[in-house]
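A.B. asks: Attaching a single structure in structure tokens format; questions to follow.
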Amino acid sequence: MTPTFGLIIIGDEIMSGKRSDKHMPKVIELMSARGLDLAWAEYVGDSPERITATLRRAFESADVVFSCGGIGATPDDHTRQCAARALEVPLVLHPQAKLLIQERMQDTAKEQGVAYEPDRPDNIHRLNMGVFPEGAAIIRNPYNKIPGFSCQGHGGAAVHFVPGFPVMAWPMIESVLDAHYSAHFRQNAYVEKSVIILGAMEATLTPLMESIEGAHPGVKVFSLPSVDHPQWGRHIELGVKGEPASADRAYVDLRQGLKAFPLEYGPELVR
């Protein structure tokens with residue numbers, strides 16, 4: 001069975017509007033390229049109580065979840081601590097994360113032309129970025145070596161924690177997908193086939209939609225209404241999506257069923 005994929009995006013900057021979320025569109029793009037679907041997403045601010053509750057629900061599920069943001073070591077970063085509380089395990093310095101962070105500090109010192117001082121207070125503090133819930137596995141960060149981490153939940157979930165910075169988060173998410181979930185990639189990604197119906201009402205078409213979905217297991221029927229489209233005005237985009245051969249058969253039946261209604265059509269769309 002293909003797992004259910006979810007996304008958690010953490011940070012007051014998103015909730016306040018100081019930053020616009022770019023993670024969800026990108027994760028949808030990365031997953032779509034692999035024939036996968038994002039089933040759900042949640043946004044949460046920098047409240048330890050809310051983050052813990054959100055992560056506890058994720059860990060108790062059987063889903064694969066990506067969590068973006070809050071894994072740094074500043075006072076407003078709570079994700080690592082909340083993950084440990086949600087799992088009811090201690091925080092520990094991951095030995096491989098420690099080595100990677102030390103490598104990064106050495107690289108930075110070399111770039112700046114100064115000596116690397118591992119015992120300097122700020123360098124010791126930086127090791128907190130490698131303090132993860134006990135039992136976590138690291139996610140390598142190709143941008144600056146500061147790793148993310150993955151944890152297994154009580155319900156079978158896998159939650160993968162990456163930074164909030166897109167330049168780091170996106171390649172890390174790609175690497176997790178390719179390393180752990182390639183068996184679920186679809187060779188033939190889903191196709192959508194739809195038609196624009198002008199001036200129709202969804203309620204009139206609902207019985208037909210239900211019958212098409214019932215007759216074609218694995219195919220989803222969708223209806224996207226619009227009231228003020230600049231080209232088509234009030235309309236419904238009615239269509240099907242699924243594995244190409246199944247979607248093709250369902251779409252033929254959908255168009256056949258639409259002949260029973262006095263409808264005006266716009267273009268057909270294939271994605």
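Identifiers in the structure tokens: chain A, B, ... in order shown; residue index from 1 per chain; ligand index from 1 in order shown.
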Pick out each residue of stretch 91-222 of chain A that DSSP on the backbone tags as strand (DSSP E or B); I need them as an mmCIF file with all heavy atoms, in the first residue's frame.

C.D. replies:
data_model
loop_
_atom_site.group_PDB
_atom_site.id
_atom_site.type_symbol
_atom_site.label_atom_id
_atom_site.label_comp_id
_atom_site.auth_asym_id
_atom_site.auth_seq_id
_atom_site.Cartn_x
_atom_site.Cartn_y
_atom_site.Cartn_z
ATOM 1 N N LEU A 91 16.002 13.883 24.861
ATOM 2 C CA LEU A 91 16.831 14.477 23.825
ATOM 3 C C LEU A 91 18.279 14.067 24.060
ATOM 4 O O LEU A 91 18.770 14.097 25.195
ATOM 5 C CB LEU A 91 16.722 15.999 23.845
ATOM 6 C CG LEU A 91 15.434 16.605 23.281
ATOM 7 C CD1 LEU A 91 15.302 18.052 23.734
ATOM 8 C CD2 LEU A 91 15.419 16.528 21.760
ATOM 9 N N VAL A 92 18.978 13.693 22.992
ATOM 10 C CA VAL A 92 20.386 13.314 23.101
ATOM 11 C C VAL A 92 21.149 13.897 21.922
ATOM 12 O O VAL A 92 20.581 14.114 20.844
ATOM 13 C CB VAL A 92 20.568 11.775 23.131
ATOM 14 C CG1 VAL A 92 19.914 11.177 24.381
ATOM 15 C CG2 VAL A 92 19.994 11.129 21.873
ATOM 16 N N LEU A 93 22.438 14.140 22.142
ATOM 17 C CA LEU A 93 23.285 14.612 21.054
ATOM 18 C C LEU A 93 23.613 13.424 20.149
ATOM 19 O O LEU A 93 24.246 12.452 20.565
ATOM 20 C CB LEU A 93 24.575 15.229 21.594
ATOM 21 C CG LEU A 93 25.583 15.724 20.553
ATOM 22 C CD1 LEU A 93 24.965 16.784 19.649
ATOM 23 C CD2 LEU A 93 26.840 16.275 21.234
ATOM 24 N N VAL A 131 21.056 17.894 18.723
ATOM 25 C CA VAL A 131 20.375 17.235 19.839
ATOM 26 C C VAL A 131 18.973 16.854 19.371
ATOM 27 O O VAL A 131 18.121 17.715 19.161
ATOM 28 C CB VAL A 131 20.323 18.152 21.072
ATOM 29 C CG1 VAL A 131 19.475 17.538 22.174
ATOM 30 C CG2 VAL A 131 21.734 18.421 21.584
ATOM 31 N N PHE A 132 18.745 15.553 19.197
ATOM 32 C CA PHE A 132 17.504 15.041 18.635
ATOM 33 C C PHE A 132 16.841 14.066 19.606
ATOM 34 O O PHE A 132 17.472 13.583 20.548
ATOM 35 C CB PHE A 132 17.774 14.317 17.312
ATOM 36 C CG PHE A 132 18.474 15.127 16.264
ATOM 37 C CD1 PHE A 132 19.406 14.538 15.420
ATOM 38 C CD2 PHE A 132 18.208 16.481 16.112
ATOM 39 C CE1 PHE A 132 20.053 15.270 14.447
ATOM 40 C CE2 PHE A 132 18.844 17.233 15.148
ATOM 41 C CZ PHE A 132 19.783 16.629 14.311
ATOM 42 N N PRO A 133 15.571 13.743 19.380
ATOM 43 C CA PRO A 133 14.941 12.689 20.192
ATOM 44 C C PRO A 133 15.737 11.391 20.102
ATOM 45 O O PRO A 133 16.240 11.030 19.031
ATOM 46 C CB PRO A 133 13.550 12.543 19.561
ATOM 47 C CG PRO A 133 13.288 13.867 18.926
ATOM 48 C CD PRO A 133 14.615 14.341 18.423
ATOM 49 N N ALA A 137 17.206 9.197 13.371
ATOM 50 C CA ALA A 137 18.190 9.029 12.301
ATOM 51 C C ALA A 137 18.393 10.382 11.634
ATOM 52 O O ALA A 137 17.465 11.197 11.565
ATOM 53 C CB ALA A 137 17.704 8.006 11.281
ATOM 54 N N ILE A 138 19.587 10.637 11.143
ATOM 55 C CA ILE A 138 19.848 11.955 10.569
ATOM 56 C C ILE A 138 19.421 12.011 9.107
ATOM 57 O O ILE A 138 19.334 10.994 8.413
ATOM 58 C CB ILE A 138 21.326 12.358 10.700
ATOM 59 C CG1 ILE A 138 22.221 11.462 9.830
ATOM 60 C CG2 ILE A 138 21.780 12.348 12.139
ATOM 61 C CD1 ILE A 138 23.587 12.069 9.590
ATOM 62 N N ILE A 139 19.124 13.233 8.662
ATOM 63 C CA ILE A 139 18.905 13.540 7.242
ATOM 64 C C ILE A 139 20.026 14.486 6.839
ATOM 65 O O ILE A 139 20.161 15.584 7.414
ATOM 66 C CB ILE A 139 17.539 14.215 7.008
ATOM 67 C CG1 ILE A 139 16.399 13.346 7.531
ATOM 68 C CG2 ILE A 139 17.349 14.506 5.515
ATOM 69 C CD1 ILE A 139 15.046 14.047 7.495
ATOM 70 N N GLY A 148 19.107 17.386 9.406
ATOM 71 C CA GLY A 148 17.785 17.203 9.961
ATOM 72 C C GLY A 148 17.718 15.821 10.580
ATOM 73 O O GLY A 148 18.743 15.143 10.740
ATOM 74 N N PHE A 149 16.495 15.371 10.896
ATOM 75 C CA PHE A 149 16.380 14.064 11.541
ATOM 76 C C PHE A 149 15.024 13.443 11.256
ATOM 77 O O PHE A 149 14.059 14.127 10.908
ATOM 78 C CB PHE A 149 16.604 14.182 13.053
ATOM 79 C CG PHE A 149 15.606 15.040 13.788
ATOM 80 C CD1 PHE A 149 14.537 14.468 14.472
ATOM 81 C CD2 PHE A 149 15.731 16.422 13.816
ATOM 82 C CE1 PHE A 149 13.620 15.247 15.155
ATOM 83 C CE2 PHE A 149 14.820 17.211 14.498
ATOM 84 C CZ PHE A 149 13.761 16.629 15.171
ATOM 85 N N SER A 150 14.967 12.128 11.406
ATOM 86 C CA SER A 150 13.742 11.355 11.207
ATOM 87 C C SER A 150 13.451 10.542 12.451
ATOM 88 O O SER A 150 14.374 10.034 13.100
ATOM 89 C CB SER A 150 13.887 10.397 10.019
ATOM 90 O OG SER A 150 14.145 11.086 8.820
ATOM 91 N N CYS A 151 12.157 10.409 12.784
ATOM 92 C CA CYS A 151 11.732 9.621 13.940
ATOM 93 C C CYS A 151 10.572 8.721 13.542
ATOM 94 O O CYS A 151 9.718 9.111 12.742
ATOM 95 C CB CYS A 151 11.288 10.525 15.092
ATOM 96 S SG CYS A 151 12.587 11.552 15.796
ATOM 97 N N GLN A 152 10.532 7.537 14.133
ATOM 98 C CA GLN A 152 9.422 6.619 13.948
ATOM 99 C C GLN A 152 8.396 6.822 15.058
ATOM 100 O O GLN A 152 8.759 6.986 16.226
ATOM 101 C CB GLN A 152 9.915 5.171 13.973
ATOM 102 C CG GLN A 152 10.877 4.833 12.841
ATOM 103 C CD GLN A 152 10.232 4.913 11.468
ATOM 104 O OE1 GLN A 152 9.124 4.428 11.273
ATOM 105 N NE2 GLN A 152 10.930 5.523 10.518
ATOM 106 N N ALA A 158 6.302 7.796 10.108
ATOM 107 C CA ALA A 158 7.671 8.283 9.983
ATOM 108 C C ALA A 158 7.575 9.783 9.784
ATOM 109 O O ALA A 158 6.930 10.252 8.844
ATOM 110 C CB ALA A 158 8.379 7.620 8.810
ATOM 111 N N VAL A 159 8.182 10.542 10.690
ATOM 112 C CA VAL A 159 8.161 11.996 10.584
ATOM 113 C C VAL A 159 9.579 12.467 10.317
ATOM 114 O O VAL A 159 10.507 12.133 11.069
ATOM 115 C CB VAL A 159 7.593 12.649 11.859
ATOM 116 C CG1 VAL A 159 7.510 14.168 11.673
ATOM 117 C CG2 VAL A 159 6.212 12.084 12.184
ATOM 118 N N HIS A 160 9.742 13.218 9.248
ATOM 119 C CA HIS A 160 11.047 13.676 8.787
ATOM 120 C C HIS A 160 11.141 15.188 8.988
ATOM 121 O O HIS A 160 10.345 15.941 8.417
ATOM 122 C CB HIS A 160 11.239 13.318 7.318
ATOM 123 C CG HIS A 160 11.035 11.865 7.023
ATOM 124 N ND1 HIS A 160 11.959 10.903 7.379
ATOM 125 C CD2 HIS A 160 10.000 11.197 6.429
ATOM 126 C CE1 HIS A 160 11.515 9.711 6.999
ATOM 127 N NE2 HIS A 160 10.334 9.863 6.427
ATOM 128 N N PHE A 161 12.114 15.617 9.789
ATOM 129 C CA PHE A 161 12.242 17.007 10.185
ATOM 130 C C PHE A 161 13.362 17.682 9.404
ATOM 131 O O PHE A 161 14.513 17.226 9.416
ATOM 132 C CB PHE A 161 12.536 17.098 11.679
ATOM 133 C CG PHE A 161 11.427 16.572 12.553
ATOM 134 C CD1 PHE A 161 11.363 15.225 12.876
ATOM 135 C CD2 PHE A 161 10.445 17.426 13.043
ATOM 136 C CE1 PHE A 161 10.343 14.730 13.686
ATOM 137 C CE2 PHE A 161 9.419 16.942 13.850
ATOM 138 C CZ PHE A 161 9.374 15.596 14.172
ATOM 139 N N VAL A 162 13.018 18.792 8.735
ATOM 140 C CA VAL A 162 13.987 19.556 7.950
ATOM 141 C C VAL A 162 13.890 21.023 8.334
ATOM 142 O O VAL A 162 12.911 21.453 8.942
ATOM 143 C CB VAL A 162 13.747 19.369 6.434
ATOM 144 C CG1 VAL A 162 13.914 17.912 6.038
ATOM 145 C CG2 VAL A 162 12.376 19.887 6.026
ATOM 146 N N VAL A 191 -3.167 10.991 -14.261
ATOM 147 C CA VAL A 191 -3.562 11.934 -15.287
ATOM 148 C C VAL A 191 -4.921 12.523 -14.894
ATOM 149 O O VAL A 191 -5.728 11.858 -14.235
ATOM 150 C CB VAL A 191 -3.646 11.252 -16.676
ATOM 151 C CG1 VAL A 191 -4.747 10.201 -16.709
ATOM 152 C CG2 VAL A 191 -3.865 12.279 -17.786
ATOM 153 N N GLU A 192 -5.146 13.772 -15.240
ATOM 154 C CA GLU A 192 -6.447 14.414 -15.059
ATOM 155 C C GLU A 192 -7.024 14.723 -16.428
ATOM 156 O O GLU A 192 -6.333 15.262 -17.298
ATOM 157 C CB GLU A 192 -6.316 15.723 -14.271
ATOM 158 C CG GLU A 192 -5.963 15.558 -12.818
ATOM 159 C CD GLU A 192 -6.016 16.883 -12.058
ATOM 160 O OE1 GLU A 192 -6.465 17.891 -12.668
ATOM 161 O OE2 GLU A 192 -5.626 16.918 -10.895
ATOM 162 N N LYS A 193 -8.298 14.381 -16.628
ATOM 163 C CA LYS A 193 -9.010 14.723 -17.854
ATOM 164 C C LYS A 193 -10.308 15.390 -17.437
ATOM 165 O O LYS A 193 -11.061 14.849 -16.610
ATOM 166 C CB LYS A 193 -9.280 13.478 -18.699
ATOM 167 C CG LYS A 193 -8.032 12.699 -19.057
ATOM 168 C CD LYS A 193 -8.318 11.589 -20.052
ATOM 169 C CE LYS A 193 -8.473 12.136 -21.449
ATOM 170 N NZ LYS A 193 -8.512 11.057 -22.472
ATOM 171 N N SER A 194 -10.578 16.556 -17.988
ATOM 172 C CA SER A 194 -11.758 17.302 -17.558
ATOM 173 C C SER A 194 -12.324 18.113 -18.716
ATOM 174 O O SER A 194 -11.701 18.260 -19.768
ATOM 175 C CB SER A 194 -11.405 18.237 -16.395
ATOM 176 O OG SER A 194 -10.402 19.170 -16.772
ATOM 177 N N VAL A 195 -13.518 18.633 -18.474
ATOM 178 C CA VAL A 195 -14.178 19.474 -19.453
ATOM 179 C C VAL A 195 -14.804 20.659 -18.726
ATOM 180 O O VAL A 195 -15.268 20.536 -17.586
ATOM 181 C CB VAL A 195 -15.257 18.682 -20.239
ATOM 182 C CG1 VAL A 195 -16.342 18.161 -19.307
ATOM 183 C CG2 VAL A 195 -15.862 19.539 -21.357
ATOM 184 N N ILE A 196 -14.763 21.806 -19.360
ATOM 185 C CA ILE A 196 -15.397 23.015 -18.816
ATOM 186 C C ILE A 196 -16.875 22.990 -19.198
ATOM 187 O O ILE A 196 -17.224 22.865 -20.385
ATOM 188 C CB ILE A 196 -14.729 24.284 -19.367
ATOM 189 C CG1 ILE A 196 -13.249 24.323 -18.983
ATOM 190 C CG2 ILE A 196 -15.452 25.524 -18.859
ATOM 191 C CD1 ILE A 196 -12.973 24.332 -17.489
ATOM 192 N N ILE A 197 -17.734 23.107 -18.180
ATOM 193 C CA ILE A 197 -19.182 23.137 -18.395
ATOM 194 C C ILE A 197 -19.684 24.516 -17.998
ATOM 195 O O ILE A 197 -19.490 24.951 -16.853
ATOM 196 C CB ILE A 197 -19.889 22.047 -17.575
ATOM 197 C CG1 ILE A 197 -19.320 20.670 -17.937
ATOM 198 C CG2 ILE A 197 -21.382 22.085 -17.813
ATOM 199 C CD1 ILE A 197 -19.868 19.545 -17.088
ATOM 200 N N LEU A 198 -20.299 25.215 -18.908
ATOM 201 C CA LEU A 198 -20.679 26.612 -18.684
ATOM 202 C C LEU A 198 -22.067 26.713 -18.059
ATOM 203 O O LEU A 198 -23.031 26.104 -18.551
ATOM 204 C CB LEU A 198 -20.649 27.374 -20.013
ATOM 205 C CG LEU A 198 -19.322 27.292 -20.786
ATOM 206 C CD1 LEU A 198 -19.431 28.018 -22.113
ATOM 207 C CD2 LEU A 198 -18.188 27.880 -19.950
ATOM 208 N N LYS A 220 -10.807 9.097 -9.143
ATOM 209 C CA LYS A 220 -11.509 10.140 -8.413
ATOM 210 C C LYS A 220 -12.189 11.088 -9.400
ATOM 211 O O LYS A 220 -11.591 11.499 -10.392
ATOM 212 C CB LYS A 220 -10.554 10.933 -7.529
ATOM 213 C CG LYS A 220 -9.989 10.138 -6.360
ATOM 214 C CD LYS A 220 -9.139 11.016 -5.461
ATOM 215 C CE LYS A 220 -8.621 10.245 -4.254
ATOM 216 N NZ LYS A 220 -7.790 11.114 -3.369
ATOM 217 N N VAL A 221 -13.433 11.419 -9.105
ATOM 218 C CA VAL A 221 -14.166 12.412 -9.890
ATOM 219 C C VAL A 221 -14.086 13.736 -9.141
ATOM 220 O O VAL A 221 -14.243 13.773 -7.923
ATOM 221 C CB VAL A 221 -15.631 11.990 -10.085
ATOM 222 C CG1 VAL A 221 -16.380 13.035 -10.902
ATOM 223 C CG2 VAL A 221 -15.703 10.629 -10.770
ATOM 224 N N PHE A 222 -13.809 14.815 -9.872
ATOM 225 C CA PHE A 222 -13.703 16.112 -9.201
ATOM 226 C C PHE A 222 -14.542 17.156 -9.912
ATOM 227 O O PHE A 222 -14.806 17.067 -11.111
ATOM 228 C CB PHE A 222 -12.249 16.574 -9.106
ATOM 229 C CG PHE A 222 -11.577 16.828 -10.431
ATOM 230 C CD1 PHE A 222 -11.627 18.088 -11.024
ATOM 231 C CD2 PHE A 222 -10.868 15.817 -11.067
ATOM 232 C CE1 PHE A 222 -11.001 18.332 -12.233
ATOM 233 C CE2 PHE A 222 -10.239 16.049 -12.286
ATOM 234 C CZ PHE A 222 -10.298 17.308 -12.875
#

A.B. asks: Would you list the contacts of stretch 117-123 of chain A as a PyMOL selection string, taking every protein, DNA or RNA residue within 10 Å and counting only C-alpha atoms, but skipping same-chain residues closer than 6 positions in sequence?

C.D. replies: chain A and resi 101-102+105-106+109

A.B. asks: Near stretch 30-45 of chain A, counting only C-alpha atoms, which residues have an atom at most 7 Å away, once you skip same-chain residues fewer than 4 positions from it, shown as a list in words?

C.D. replies: Thr4, Phe5, Gly6, Leu7, Ile8, Ile9, Ile10, Gly11, Asp12, Met15, Lys26, Arg50, Ile51, Glu174, Phe185, Arg186, Ala189 and Tyr190 of chain A

A.B. asks: What does the distance from atom CA of A:Ala245 to atom CA of A:Pro262 come to in Å, to one decimal?

C.D. replies: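 According to the coordinates, atom CA of A:Ala245 and atom CA of A:Pro262 are separated by 28.3 Å.
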
A.B. asks: Please run DSSP on the backbone and report, as JSON, numbers by chain, all residues within stretch 191-261 of chain A that come out as alpha helix (DSSP H).

C.D. replies: {"A": [202, 203, 204, 205, 206, 207, 208, 209, 210, 211, 212, 213, 214, 215, 244, 245, 246, 247, 248, 249, 250, 251, 252, 253, 254, 255, 256, 257, 258]}

A.B. asks: Tell me which protein, DNA and RNA residues are within 9 Å of A:Val227, counting only C-alpha atoms, leaving out same-chain ones fewer than 6 positions away, and put them as a VMD selection string.

C.D. replies: chain A and resid 199 233 to 236

A.B. asks: Go through A:Ala73, A:Ile14, A:Met172, A:Val167 one by one, measure the shortest atom-to-atom distance of each to A:Gly130 using only C-alpha atoms, and give the residue with the smallest value.

C.D. replies: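 Once distances to A:Gly130 are computed over only C-alpha atoms, the minimum belongs to A:Ala73.
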
A.B. asks: Please measure the separation of atom CA of A:Ser226 and atom CA of A:Ser246, giving the value in Å to one decimal.

C.D. replies: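 Between atom CA of A:Ser226 and atom CA of A:Ser246 the gap is 26.9 Å.
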
A.B. asks: Using only C-alpha atoms, which of A:Ser20, A:Ala183, A:Ala58, A:Leu87 sits nearest A:Met1?

C.D. replies: A:Ala183

A.B. asks: My list of candidates is A:Val270, A:Ala157, A:Val240, A:Val114. Which is closest to A:Leu55 when distances are computed with only C-alpha atoms?

C.D. replies: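 Between A:Val270, A:Ala157, A:Val240, A:Val114, the residue approaching A:Leu55 most closely is A:Ala157.
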